[in-house]
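Student: I am sharing target-v5.txt, which consists of compact mmCIF, C-alpha atoms:
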```
# COMPACT_ATOMS: atom_id res chain seq x y z
CA MET S 1211 121.14 166.76 92.31
CA GLU S 1212 117.75 167.52 90.80
CA GLU S 1213 119.14 166.86 87.30
CA GLU S 1214 120.43 163.46 88.39
CA THR S 1215 116.97 162.53 89.74
CA VAL S 1216 115.29 163.53 86.47
CA LEU S 1217 117.92 161.61 84.46
CA ASP S 1218 117.56 158.58 86.75
CA THR S 1219 113.76 158.66 86.29
CA ARG S 1220 114.12 158.87 82.50
CA VAL S 1221 116.49 155.89 82.49
CA ARG S 1222 114.05 153.85 84.59
CA VAL S 1223 111.14 154.76 82.31
CA LEU S 1224 113.19 153.85 79.25
CA ARG S 1225 114.14 150.49 80.82
CA TRP S 1226 110.47 149.76 81.59
CA LEU S 1227 109.45 150.62 78.02
CA ILE S 1228 112.13 148.33 76.60
CA TRP S 1229 111.09 145.55 78.97
CA ILE S 1230 107.41 145.93 77.97
CA CYS S 1231 108.35 145.80 74.28
CA VAL S 1232 110.51 142.70 74.72
CA VAL S 1233 107.81 140.91 76.73
CA SER S 1234 104.98 141.83 74.34
CA ILE S 1235 106.75 140.76 71.12
CA PRO S 1236 106.20 137.02 71.66
CA VAL S 1237 102.58 137.65 72.63
CA SER S 1238 101.82 139.72 69.53
CA CYS S 1239 103.66 137.33 67.19
CA ARG S 1240 102.12 134.10 68.41
CA GLN S 1241 100.08 132.01 66.00
CA ALA S 1242 96.35 132.48 66.12
CA VAL S 1243 94.60 129.29 67.20
CA VAL S 1244 91.17 127.81 66.80
CA ASN S 1245 88.77 126.38 69.34
CA ASP S 1246 86.66 123.51 68.00
CA ILE S 1247 83.61 124.53 70.05
CA ASN S 1248 81.44 121.47 69.39
CA ALA S 1249 84.12 118.76 69.64
CA CYS S 1250 83.00 117.77 73.13
CA LYS S 1251 79.46 117.22 71.73
CA GLY S 1252 80.72 114.75 69.12
CA ARG S 1253 80.50 117.31 66.29
CA SER S 1254 84.15 118.19 65.75
CA ALA S 1255 84.80 120.60 62.89
CA ASN S 1256 88.31 119.21 62.55
CA GLU S 1257 86.84 115.84 61.55
CA TRP S 1258 85.52 117.52 58.39
CA GLU S 1259 88.92 118.89 57.34
CA SER S 1260 90.23 117.38 54.13
CA ILE S 1261 93.32 118.86 52.50
CA SER S 1262 94.05 118.40 48.82
CA PRO S 1263 97.07 116.17 48.09
CA ASN S 1264 98.29 118.98 45.81
CA GLY S 1265 97.91 121.50 48.60
CA THR S 1266 95.85 124.61 48.25
CA ASP S 1267 97.86 126.27 45.51
CA SER S 1268 95.28 128.55 43.92
CA SER S 1269 96.91 128.21 40.47
CA THR S 1270 95.51 124.66 40.15
CA TRP S 1271 92.00 125.88 40.93
CA ARG S 1272 89.59 127.86 38.75
CA GLU S 1273 88.14 131.22 39.60
CA GLU S 1274 86.30 131.50 42.88
CA LEU S 1275 82.61 130.53 42.71
CA ASP S 1276 80.34 133.54 42.63
CA ARG S 1277 78.58 134.23 45.93
CA SER S 1278 75.23 133.72 44.19
CA GLN S 1279 76.21 130.05 43.65
CA TRP S 1280 76.19 129.07 47.33
CA GLU S 1281 74.37 129.66 50.59
CA LEU S 1282 75.03 128.65 54.20
CA ALA S 1283 72.43 126.34 55.72
CA PRO S 1284 70.61 128.30 58.44
CA ALA S 1285 71.41 127.64 62.09
CA ALA S 1286 67.88 126.33 62.66
CA ASN S 1287 68.57 123.46 60.23
CA GLU S 1288 72.23 122.82 60.99
CA LEU S 1289 71.77 119.51 62.82
CA GLU S 1290 69.59 118.10 60.04
CA ALA S 1291 72.08 119.32 57.41
CA GLU S 1292 75.00 117.82 59.34
CA ALA S 1293 73.17 114.49 59.53
CA LEU S 1294 72.93 114.43 55.72
CA LEU S 1295 76.72 114.92 55.60
CA GLY S 1296 77.47 112.25 58.20
CA THR S 1297 79.36 109.88 55.92
CA THR S 1298 79.99 111.98 52.83
CA ALA S 1299 81.36 115.44 52.08
CA ALA S 1300 78.72 116.21 49.42
CA VAL S 1301 75.16 115.07 48.83
CA ALA S 1302 72.70 115.96 46.04
CA LEU S 1303 69.60 117.77 47.27
CA SER S 1304 65.97 117.29 46.28
CA ASP S 1305 63.62 120.19 45.62
CA ASP S 1306 61.98 119.59 49.01
CA GLN S 1307 65.35 119.71 50.79
CA ILE S 1308 66.29 122.94 48.95
CA ALA S 1309 62.95 124.50 49.94
CA LYS S 1310 63.63 123.65 53.57
CA LEU S 1311 67.33 124.58 53.74
CA VAL S 1312 67.37 127.73 51.61
CA PRO S 1313 63.78 128.74 50.78
CA GLY S 1314 63.45 130.81 47.64
CA LYS S 1315 67.10 130.47 46.65
CA ARG S 1316 67.82 129.29 43.11
CA ALA S 1317 71.00 129.30 41.08
CA LYS S 1318 72.44 127.80 37.91
CA GLY S 1319 73.46 124.15 38.22
CA GLN S 1320 72.57 121.20 40.44
CA PRO S 1321 72.20 121.79 44.20
CA PHE S 1322 74.50 119.94 46.59
CA LEU S 1323 74.97 120.11 50.32
CA VAL S 1324 78.69 120.20 51.17
CA ARG S 1325 80.84 120.30 54.27
CA GLY S 1326 82.57 123.44 55.46
CA ILE S 1327 84.46 124.64 58.52
CA GLY S 1328 83.73 128.17 59.61
CA THR S 1329 83.11 130.65 62.35
CA ARG S 1330 80.15 132.86 63.09
CA TRP S 1331 82.47 135.80 63.83
CA GLY S 1332 82.03 138.86 61.65
CA THR S 1333 85.54 138.46 60.23
CA GLY S 1334 84.85 134.91 59.05
CA GLY S 1335 83.96 133.88 55.52
CA PHE S 1336 84.19 131.28 52.78
CA HIS S 1337 85.74 130.94 49.34
CA MET S 1338 84.92 128.08 47.02
CA ARG S 1339 86.72 126.93 43.90
CA THR S 1340 86.55 123.98 41.50
CA ASN S 1341 89.35 122.45 39.46
CA SER S 1342 89.40 120.80 36.02
CA LEU S 1343 88.40 117.46 37.58
CA GLY S 1344 85.26 118.99 39.11
CA GLU S 1345 86.65 118.71 42.64
CA LEU S 1346 85.50 121.38 45.09
CA TRP S 1347 87.65 123.29 47.58
CA VAL S 1348 85.69 124.90 50.44
CA ALA S 1349 88.03 127.31 52.21
CA GLY S 1350 86.83 128.86 55.44
CA GLY S 1351 88.80 131.57 57.14
CA ALA S 1352 88.85 134.40 59.63
CA LEU S 1353 90.86 137.48 60.44
CA SER S 1354 91.84 137.52 64.11
CA HIS S 1355 94.59 137.91 66.68
CA ARG S 1356 92.64 135.79 69.15
CA THR S 1357 91.45 132.22 69.42
CA VAL S 1358 88.74 131.65 66.82
CA PRO S 1359 85.75 129.42 67.62
CA ILE S 1360 85.26 127.07 64.65
CA GLU S 1361 82.38 124.77 63.88
CA ARG S 1362 80.92 122.62 61.17
CA ARG S 1363 79.02 124.62 58.56
CA ALA S 1364 76.79 122.95 55.97
CA ILE S 1365 76.67 124.84 52.68
CA VAL S 1366 74.30 124.52 49.73
CA VAL S 1367 76.23 125.00 46.50
CA TRP S 1368 75.07 124.83 42.88
CA LEU S 1369 77.56 123.06 40.59
CA GLU S 1370 77.65 121.73 37.02
CA ARG S 1371 78.07 118.18 38.31
CA ALA S 1372 78.59 116.26 41.52
CA PRO S 1373 82.05 116.91 42.96
CA PRO S 1374 84.07 113.66 43.04
CA LYS S 1375 86.01 115.05 46.01
CA VAL S 1376 85.48 117.94 48.43
CA TYR S 1377 88.47 119.50 50.16
CA VAL S 1378 87.67 121.46 53.32
CA THR S 1379 90.15 123.83 55.00
CA PHE S 1380 90.11 126.62 57.57
CA HIS S 1381 92.78 129.27 58.10
CA VAL S 1382 93.22 132.18 60.46
CA VAL S 1383 95.03 135.27 59.21
CA GLU S 1384 96.31 137.87 61.63
```
Give the structure from this file in structure tokens form.
Tutor:
Amino acid sequence: MEEETVLDTRVRVLRWLIWICVVSIPVSCRQAVVNDINACKGRSANEWESISPNGTDSSTWREELDRSQWELAPAANELEAEALLGTTAAVALSDDQIAKLVPGKRAKGQPFLVRGIGTRWGTGGFHMRTNSLGELWVAGGALSHRTVPIERRAIVVWLERAPPKVYVTFHVVE
């Protein structure tokens, strides 16, 4: 009798474990999503997305730009930087604008302010590449199993010449 009770308890525990596993599989395998946190304020990050017609196959793009070649505009100047990017994905910057946006920062090339989509989470980051036509790909991304808050991010980048086209993407990797 006592053996049957122990066996019955083990079977129930095993059934519960199987049920928990079956229920949690869809939750753990769901796609990570983004939350466009400033969309309701008229500053949707998704409006800045621009995907290359050739896709984002890295073989058509040169090596990633060195981190010394770009800098995020500081949060204190983000609205002013966004205003400069209101109708265009890239704008040449004057010395005065550079001094205000990224004081003391210098790099090889001409400075441009470009659009980006990013997150302020610690797992977020950017990669930038150019192709043979001088086009720029600004790829934002984050590592997360949860909903990622995305927002517009203005970036100062030093390039050989003005990019004729800027492609802006954001991806979440689990």
Student: Have a look at atom CA of S:Glu1292 and atom CA of S:Glu1370 and let me know their distance in Å, one decimal.
Tutor: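 Value for the atom CA of S:Glu1292-atom CA of S:Glu1370 distance: 22.8 Å.
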Student: Which residue, S:Ser1260, S:Glu1288, S:Glu1274, S:Ala1317, has the smallest gap to S:Thr1379 when you use all atoms listed in the file?
Tutor: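 For S:Thr1379, the nearest of the given residues is S:Ser1260.
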Student: Using only C-alpha atoms, find the one residue out of S:Leu1275, S:Val1301, S:Leu1282, S:Val1382 that sits nearest to S:Gly1350.
Tutor: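 The closest residue to S:Gly1350 is S:Val1382.
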Student: Select, from S:Phe1336, S:Tyr1377, S:Phe1322, S:Trp1331, the residue with the minimum atom-to-atom distance to S:Ala1291, counting only C-alpha atoms.
Tutor: S:Phe1322
Student: Quick one, how far is atom CA of S:Ala1309 from atom CA of S:Arg1362?
Tutor: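 Distance reported for this atom pair: 21.3 Å.
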Student: Which is closer to S:Val1243 than all the others in S:Val1366, S:Ile1261, S:Ile1360, S:Val1376, using all atoms listed in the file?
Tutor: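 Counting all atoms listed in the file, the residue closest to S:Val1243 is S:Ile1360.
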Student: Place a sphere of radius 12 Å on (85.1, 122.8, 45.5) in the file coordinates and name every protein, DNA or RNA residue with an atom inside or on its surface, counting all atoms listed in the file; give the answer as a CSV table (one decimal) with C-alpha atoms, keeping the file's coordinate frame.
Tutor:
```csv
chain,number,residue,atom,x,y,z
S,1260,SER,CA,90.2,117.4,54.1
S,1261,ILE,CA,93.3,118.9,52.5
S,1262,SER,CA,94.0,118.4,48.8
S,1266,THR,CA,95.8,124.6,48.2
S,1268,SER,CA,95.3,128.6,43.9
S,1270,THR,CA,95.5,124.7,40.2
S,1271,TRP,CA,92.0,125.9,40.9
S,1272,ARG,CA,89.6,127.9,38.8
S,1273,GLU,CA,88.1,131.2,39.6
S,1274,GLU,CA,86.3,131.5,42.9
S,1275,LEU,CA,82.6,130.5,42.7
S,1279,GLN,CA,76.2,130.0,43.6
S,1280,TRP,CA,76.2,129.1,47.3
S,1299,ALA,CA,81.4,115.4,52.1
S,1300,ALA,CA,78.7,116.2,49.4
S,1322,PHE,CA,74.5,119.9,46.6
S,1323,LEU,CA,75.0,120.1,50.3
S,1324,VAL,CA,78.7,120.2,51.2
S,1325,ARG,CA,80.8,120.3,54.3
S,1326,GLY,CA,82.6,123.4,55.5
S,1336,PHE,CA,84.2,131.3,52.8
S,1337,HIS,CA,85.7,130.9,49.3
S,1338,MET,CA,84.9,128.1,47.0
S,1339,ARG,CA,86.7,126.9,43.9
S,1340,THR,CA,86.6,124.0,41.5
S,1341,ASN,CA,89.4,122.4,39.5
S,1342,SER,CA,89.4,120.8,36.0
S,1343,LEU,CA,88.4,117.5,37.6
S,1344,GLY,CA,85.3,119.0,39.1
S,1345,GLU,CA,86.6,118.7,42.6
S,1346,LEU,CA,85.5,121.4,45.1
S,1347,TRP,CA,87.6,123.3,47.6
S,1348,VAL,CA,85.7,124.9,50.4
S,1349,ALA,CA,88.0,127.3,52.2
S,1350,GLY,CA,86.8,128.9,55.4
S,1365,ILE,CA,76.7,124.8,52.7
S,1366,VAL,CA,74.3,124.5,49.7
S,1367,VAL,CA,76.2,125.0,46.5
S,1368,TRP,CA,75.1,124.8,42.9
S,1369,LEU,CA,77.6,123.1,40.6
S,1370,GLU,CA,77.6,121.7,37.0
S,1371,ARG,CA,78.1,118.2,38.3
S,1372,ALA,CA,78.6,116.3,41.5
S,1373,PRO,CA,82.0,116.9,43.0
S,1374,PRO,CA,84.1,113.7,43.0
S,1375,LYS,CA,86.0,115.0,46.0
S,1376,VAL,CA,85.5,117.9,48.4
S,1377,TYR,CA,88.5,119.5,50.2
S,1378,VAL,CA,87.7,121.5,53.3
S,1379,THR,CA,90.2,123.8,55.0
```
Student: Go ahead and compute the interatomic distance for atom CA of S:Ala1352 and atom CA of S:Asn1245, in Å to one decimal.
Tutor: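 Atom-to-atom, atom CA of S:Ala1352 and atom CA of S:Asn1245 are spaced 12.6 Å apart.
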Student: Output as lines of an AutoDock Vina configuration file the centre and edge lengths (Å, one decimal) of the box along x, y and z of the file that holds every listed atom of stretch 1331-1347 of chain S after adding 5 Å on each side.
Tutor:
```
center_x = 85.7
center_y = 128.2
center_z = 49.9
size_x = 17.4
size_y = 31.4
size_z = 37.8
```
Student: From the list S:Ser1254, S:Thr1329, S:Thr1357, S:Gln1307, which residue is nearest S:Glu1290 when using all atoms listed in the file?
Tutor: S:Gln1307
